[in-house]
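Content type compact mmCIF, C-alpha atoms, from the file data.txt:
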```txt
# COMPACT_ATOMS: atom_id res chain seq x y z
CA MET U 1 -25.03 10.79 56.05
CA ARG U 2 -27.41 9.30 53.50
CA ALA U 3 -30.97 8.39 54.51
CA CYS U 4 -32.58 5.27 53.11
CA GLY U 5 -35.82 5.94 51.25
CA SER U 6 -37.43 2.75 52.55
CA CYS U 7 -36.61 2.60 56.26
CA GLN U 8 -35.09 6.07 56.88
CA GLN U 9 -31.92 4.51 58.26
CA GLN U 10 -28.96 6.91 58.27
CA ASN U 11 -26.06 5.46 56.29
CA PRO U 12 -22.53 6.64 55.49
CA ASP U 13 -22.18 8.79 52.40
CA ASP U 14 -20.16 6.12 50.61
CA ALA U 15 -22.68 3.31 51.25
CA LEU U 16 -24.16 1.53 48.26
CA PHE U 17 -26.70 -0.40 50.37
CA CYS U 18 -28.76 0.43 53.42
CA LEU U 19 -27.23 -0.92 56.62
CA ARG U 20 -30.65 -1.87 57.98
CA CYS U 21 -32.78 -3.20 55.12
CA GLY U 22 -30.09 -3.81 52.50
CA LYS U 23 -31.79 -1.75 49.80
CA GLU U 24 -29.47 -0.54 47.07
CA PHE U 25 -29.20 3.21 46.68
CA PRO U 26 -30.13 4.65 43.28
CA PRO U 27 -27.27 4.86 40.78
CA GLU U 28 -27.72 8.60 40.35
CA ALA U 29 -27.22 9.13 44.07
CA ALA U 30 -24.06 7.09 43.99
CA SER U 31 -22.71 8.84 40.89
CA ALA U 32 -23.17 12.23 42.53
CA ALA U 33 -20.14 11.54 44.67
CA SER U 34 -17.51 9.78 42.59
CA PRO U 35 -14.83 9.79 45.32
CA GLU U 36 -17.19 7.86 47.58
CA MET U 37 -17.88 5.38 44.78
CA ASP U 38 -14.16 4.96 44.18
CA GLN U 39 -13.67 4.23 47.87
CA GLU U 40 -16.50 1.69 47.89
CA GLU U 41 -14.98 -0.07 44.91
CA GLN U 42 -11.61 -0.07 46.61
CA ASN U 43 -13.19 -1.67 49.69
CA TRP U 44 -14.58 -4.54 47.64
CA ARG U 45 -11.34 -4.91 45.71
CA THR U 46 -9.43 -5.13 49.00
CA LEU U 47 -11.78 -7.77 50.37
CA ILE U 48 -11.46 -9.95 47.28
CA GLY U 49 -7.69 -9.58 47.16
CA PRO U 50 -5.17 -8.96 44.39
CA GLY U 51 -4.85 -12.56 43.22
CA ASN U 52 -6.20 -14.37 40.18
CA CYS U 53 -8.91 -16.96 39.81
CA LEU U 54 -9.91 -19.61 37.29
CA GLN U 55 -12.35 -18.20 34.72
CA PHE U 56 -14.19 -19.60 31.71
CA THR U 57 -16.07 -17.89 28.91
CA LEU U 58 -17.47 -19.28 25.69
CA ARG U 59 -15.51 -16.72 23.69
CA GLY U 60 -12.21 -16.74 25.56
CA GLY U 61 -12.19 -20.27 26.99
CA TRP U 62 -10.21 -21.01 30.15
CA SER U 63 -8.10 -18.27 31.66
CA TRP U 64 -6.28 -17.30 34.85
CA LYS U 65 -7.16 -13.63 35.35
CA PRO U 66 -7.57 -11.14 38.22
CA ALA U 67 -10.30 -12.26 40.61
CA TRP U 68 -11.58 -8.70 41.03
CA ASP U 69 -12.64 -8.45 37.37
CA TYR U 70 -14.55 -11.72 37.56
CA TYR U 71 -16.35 -11.07 40.83
CA ARG U 72 -17.16 -7.47 39.97
CA ARG U 73 -19.06 -8.66 36.89
CA THR U 74 -20.67 -11.54 38.75
CA PHE U 75 -21.75 -9.51 41.78
CA GLN U 76 -23.61 -7.07 39.56
CA ARG U 77 -26.13 -9.82 38.86
CA PHE U 78 -27.09 -9.86 42.52
CA HIS U 79 -28.03 -6.16 42.63
CA SER U 80 -31.60 -4.99 42.22
CA ALA U 81 -33.70 -1.99 43.14
CA GLN U 82 -35.29 -4.01 45.96
CA GLY U 83 -31.95 -5.10 47.38
CA PRO U 84 -29.71 -8.15 46.93
CA ARG U 85 -31.32 -11.04 45.10
CA PHE U 86 -30.24 -14.53 44.12
CA SER U 87 -29.18 -15.12 40.54
CA LEU U 88 -27.95 -18.46 39.27
CA THR U 89 -24.24 -18.35 38.43
CA TRP U 90 -21.55 -20.97 38.07
CA ASN U 91 -18.09 -21.02 39.61
CA TRP U 92 -15.84 -23.74 38.19
CA ALA U 93 -13.31 -23.73 41.01
CA PRO U 94 -15.43 -25.57 43.65
CA PHE U 95 -16.40 -28.15 41.03
CA LEU U 96 -12.90 -28.89 39.77
CA VAL U 97 -11.36 -29.07 43.24
CA GLU U 98 -12.91 -30.11 46.53
CA PRO U 99 -15.64 -27.56 47.45
CA PHE U 100 -14.42 -27.34 51.05
CA LEU U 101 -10.96 -26.36 49.79
CA TRP U 102 -12.40 -23.48 47.77
CA PHE U 103 -14.41 -22.18 50.73
CA LEU U 104 -11.34 -22.55 52.92
CA TYR U 105 -9.29 -20.65 50.33
CA ARG U 106 -11.79 -17.77 50.43
CA LYS U 107 -11.87 -17.79 54.27
CA MET U 108 -15.46 -19.00 54.58
CA TYR U 109 -14.66 -21.44 57.34
CA LEU U 110 -18.20 -22.45 58.28
CA PHE U 111 -19.05 -23.44 54.71
CA ALA U 112 -15.70 -25.22 54.42
CA PHE U 113 -16.62 -27.33 57.44
CA VAL U 114 -20.11 -28.08 56.04
CA TYR U 115 -18.74 -29.16 52.66
CA PHE U 116 -16.08 -31.28 54.34
CA ILE U 117 -18.47 -33.17 56.63
CA GLY U 118 -21.53 -33.20 54.36
CA PRO U 119 -20.24 -35.46 51.56
CA ILE U 120 -18.69 -37.89 54.06
CA VAL U 121 -21.91 -38.23 56.03
CA SER U 122 -23.96 -38.51 52.82
CA VAL U 123 -21.82 -41.35 51.48
CA PHE U 124 -22.00 -43.11 54.86
CA LEU U 125 -25.81 -42.85 54.97
CA THR U 126 -26.52 -43.68 51.32
CA SER U 127 -23.54 -45.92 50.44
CA ASP U 128 -23.46 -44.05 47.13
CA ILE U 129 -20.00 -42.82 46.12
CA THR U 130 -21.49 -40.42 43.53
CA VAL U 131 -23.12 -38.24 46.20
CA PRO U 132 -20.07 -35.91 46.48
CA ILE U 133 -20.66 -34.93 42.85
CA VAL U 134 -24.05 -33.55 43.85
CA TRP U 135 -22.40 -31.55 46.63
CA SER U 136 -19.91 -30.16 44.12
CA ILE U 137 -22.70 -29.07 41.77
CA ILE U 138 -24.56 -27.34 44.61
CA ALA U 139 -21.37 -25.60 45.72
CA SER U 140 -20.50 -24.37 42.21
CA ALA U 141 -24.03 -23.06 41.58
CA SER U 142 -24.21 -21.13 44.86
CA ALA U 143 -20.55 -20.22 45.52
CA ASN U 144 -20.64 -16.74 43.97
CA TYR U 145 -23.81 -15.74 45.82
CA VAL U 146 -22.54 -17.08 49.15
CA TYR U 147 -19.22 -15.31 48.62
CA TYR U 148 -21.04 -12.06 47.79
CA TRP U 149 -22.94 -12.14 51.09
CA HIS U 150 -19.81 -13.12 52.98
CA LEU U 151 -17.92 -10.07 51.69
CA ARG U 152 -20.92 -7.82 52.15
CA ASP U 153 -21.26 -8.80 55.80
CA LEU U 154 -17.54 -8.27 56.38
CA LEU U 155 -17.71 -4.81 54.84
CA LEU U 156 -20.71 -3.79 56.93
CA LYS U 157 -19.05 -5.02 60.13
CA VAL U 158 -15.86 -3.09 59.43
CA LYS U 159 -17.83 0.06 58.60
CA ALA U 160 -19.81 -0.26 61.81
CA ARG U 161 -16.66 -0.16 63.93
CA THR U 162 -16.13 3.33 65.21
CA GLY U 163 -12.80 4.99 65.78
CA LEU U 164 -11.12 3.54 62.69
CA ASP U 165 -9.29 5.82 60.32
CA HIS U 166 -8.88 5.02 56.64
CA VAL U 167 -5.60 3.16 57.09
CA ALA U 168 -6.91 1.01 59.95
CA ARG U 169 -10.10 0.22 58.04
CA MET U 170 -8.21 -0.90 54.94
CA ARG U 171 -5.91 -3.02 57.09
CA GLN U 172 -8.90 -4.77 58.64
CA LEU U 173 -10.44 -5.37 55.23
CA THR U 174 -7.16 -6.88 54.06
CA ASP U 175 -6.88 -9.13 57.11
CA GLU U 176 -10.46 -10.37 57.08
CA GLY U 177 -10.75 -10.66 53.29
CA GLY U 178 -8.35 -12.05 50.74
CA VAL U 179 -7.40 -15.70 50.53
CA GLN U 180 -5.47 -18.43 52.33
CA PRO U 181 -2.41 -19.13 50.12
CA TYR U 182 -1.55 -22.41 51.85
CA VAL U 183 -4.70 -23.98 50.36
CA PHE U 184 -2.85 -24.24 47.05
CA TRP U 185 -0.65 -26.91 48.66
CA LEU U 186 -3.72 -28.73 49.95
CA VAL U 187 -5.21 -28.72 46.45
CA ALA U 188 -1.96 -30.11 45.01
CA ALA U 189 -1.83 -32.82 47.69
CA SER U 190 -5.48 -33.71 47.04
CA LEU U 191 -4.89 -34.07 43.31
CA LEU U 192 -1.80 -36.23 43.84
CA LEU U 193 -3.75 -38.43 46.25
CA LYS U 194 -6.57 -38.89 43.72
CA ILE U 195 -4.09 -39.74 40.96
CA GLY U 196 -2.35 -42.23 43.24
CA VAL U 197 -5.62 -43.94 44.18
CA PHE U 198 -6.66 -44.08 40.51
CA PHE U 199 -3.47 -45.81 39.39
CA ALA U 200 -3.54 -48.10 42.42
CA VAL U 201 -7.05 -49.28 41.55
CA LEU U 202 -6.17 -49.53 37.86
CA GLY U 203 -3.12 -51.68 38.58
CA GLU U 204 -4.89 -54.22 40.81
CA PRO U 205 -5.11 -57.74 39.24
CA PRO U 206 -8.63 -59.04 38.61
CA LEU U 207 -10.08 -61.24 41.29
CA GLU U 208 -10.25 -64.96 40.55
CA GLU U 209 -13.63 -66.59 40.61
CA GLY U 210 -12.54 -69.54 42.70
CA PHE U 211 -9.80 -70.40 45.11
CA PRO U 212 -8.60 -73.92 44.07
CA LEU U 213 -6.11 -75.69 46.26
CA PRO U 214 -2.78 -76.51 44.57
CA ASP U 215 -2.09 -80.16 43.92
CA GLY U 216 0.95 -80.03 46.13
CA GLU U 217 -1.01 -78.85 49.15
CA PRO U 218 -2.60 -81.33 51.56
CA GLY U 219 -6.09 -82.12 50.44
CA GLY U 220 -5.55 -80.87 46.91
CA GLU U 221 -5.73 -84.25 45.18
CA GLU U 222 -8.67 -85.30 47.37
CA MET U 223 -10.60 -82.21 46.42
CA GLU U 224 -9.86 -82.80 42.73
CA GLY U 225 -11.18 -86.35 43.01
CA ARG U 226 -14.39 -85.12 44.58
CA ARG U 227 -14.88 -82.72 41.68
CA MET U 228 -14.48 -85.61 39.17
CA ILE U 229 -17.06 -87.75 41.02
CA LEU U 230 -19.57 -84.89 41.16
```

Please re-express this file's structure in structure tokens.
Amino acid sequence: MRACGSCQQQNPDDALFCLRCGKEFPPEAASAASPEMDQEEQNWRTLIGPGNCLQFTLRGGWSWKPAWDYYRRTFQRFHSAQGPRFSLTWNWAPFLVEPFLWFLYRKMYLFAFVYFIGPIVSVFLTSDITVPIVWSIIASASANYVYYWHLRDLLLKVKARTGLDHVARMRQLTDEGGVQPYVFWLVAASLLLKIGVFFAVLGEPPLEEGFPLPDGEPGGEEMEGRRMIL
């Protein structure tokens, strides 16, 4: 067991953070036991899943690369000697697709519900159709940090369960982490719907300013005579 220097909480030997106060253990203490570090990395890799994610860098541009590489680099920005801290990052996926679909894809169901209802209620209250863009910006700026805490909480809960061997623990991490593959079909359906609405609006004929009665209709000639008199 490893004791925390701040609160004296006893933690597992492979822990990188204190289970009570969340303080990060010194790097030298973690490097003293490389097998434990390898296991901790494997835990996070299992939670994230083996799939790819959309990535963008100024040097490499857009790419579709393993999600683990991206989130490992990003999560390092949230570590500090005092414990986890917020750092502004940007995730393009929630911005380019519906934010609630991204949270649903990453199994953060509560946030998916919030980002599904929030923009609808905001548009209803403000009558401003640009409000969902603000929601997308907020989601993209906070997605990595929210996802970091989501995975961290899952890992702590699985570690706290007694009576689990290594195989059972990894199975639980796989089941509770990872992604929902069916969301890809929802994203495709959402994009097709947006494209259909766009072309439908683009193809509508312009509205006429007036609604004149044809001459052949009853009252048409009478109305035309009234216009000439006026």

Would you please work out which residue, of U:Glu176, U:Ser140, U:Gly61, U:Phe56, is nearest to Arg152 (chain U) when using all atoms listed in the file?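 Result for the nearest residue to Arg152 (chain U): U:Glu176.
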
For Phe75 (chain U), which residue out of U:Phe199, U:Trp185, U:Tyr147, U:Phe111 is the nearest one, using all atoms listed in the file? U:Tyr147

Can you pull out every residue within 12 Å of Gln172 (chain U), counting all atoms listed in the file, but drop anything in the same chain fewer than 6 positions away, and send it as an NGL selection string? :U and (43 or 46-47 or 154-159 or 161 or 164-166 or 178)

Polymer residues at most 9 Å from Lys65 (chain U), only C-alpha atoms, same-chain spacing of 4 or more positions, as a list of chain:residue names: U:Gly51, U:Asn52, U:Cys53, U:Leu54, U:Gln55, U:Asp69, U:Tyr70

Let me make sure I understand: among U:Val167, U:Asp38, U:Asp128, U:Phe78, which one has the smallest atom-to-atom distance to Tyr148 (chain U) if we use all atoms listed in the file?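 Among the listed residues, U:Phe78 lies closest to Tyr148 (chain U).
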
Distance of CA of His150 (chain U) from CA of Met108 (chain U), expressed in Å to one decimal place: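 Atom-to-atom, CA of Met108 (chain U) and CA of His150 (chain U) are spaced 7.5 Å apart.
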
Across U:Asp175, U:Phe86, U:Phe95, U:Val201, the smallest distance to Lys107 (chain U), with only C-alpha atoms counted, is shown by U:Asp175

Mind checking which residues fall within 10 Å of Gly118 (chain U), counting only C-alpha atoms, ignoring those fewer than 5 positions away in the same chain, and posting them as a PDB file with C-alpha atoms, keeping the file's coordinate frame?
```pdb
ATOM      1  CA  PHE U 100     -14.420 -27.340  51.050  1.00  0.00           C
ATOM      2  CA  ALA U 112     -15.700 -25.220  54.420  1.00  0.00           C
ATOM      3  CA  PHE U 113     -16.620 -27.330  57.440  1.00  0.00           C
ATOM      4  CA  VAL U 123     -21.820 -41.350  51.480  1.00  0.00           C
ATOM      5  CA  PHE U 124     -22.000 -43.110  54.860  1.00  0.00           C
ATOM      6  CA  VAL U 131     -23.120 -38.240  46.200  1.00  0.00           C
ATOM      7  CA  PRO U 132     -20.070 -35.910  46.480  1.00  0.00           C
ATOM      8  CA  TRP U 135     -22.400 -31.550  46.630  1.00  0.00           C
TER       9      TRP U 135
END
```

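Counting from CA of Lys23 (chain U), the distance to CA of Gln82 (chain U) is 5.7 Å.
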
My list of candidates is U:Trp62, U:Leu125, U:Pro99, U:Leu16. Which is closest to His79 (chain U) when distances are computed with all atoms listed in the file? U:Leu16

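Using all atoms listed in the file, the smallest distance between any of U:Ala160, U:Ile48, U:Cys18, U:Val121 and Thr174 (chain U) comes from U:Ile48.
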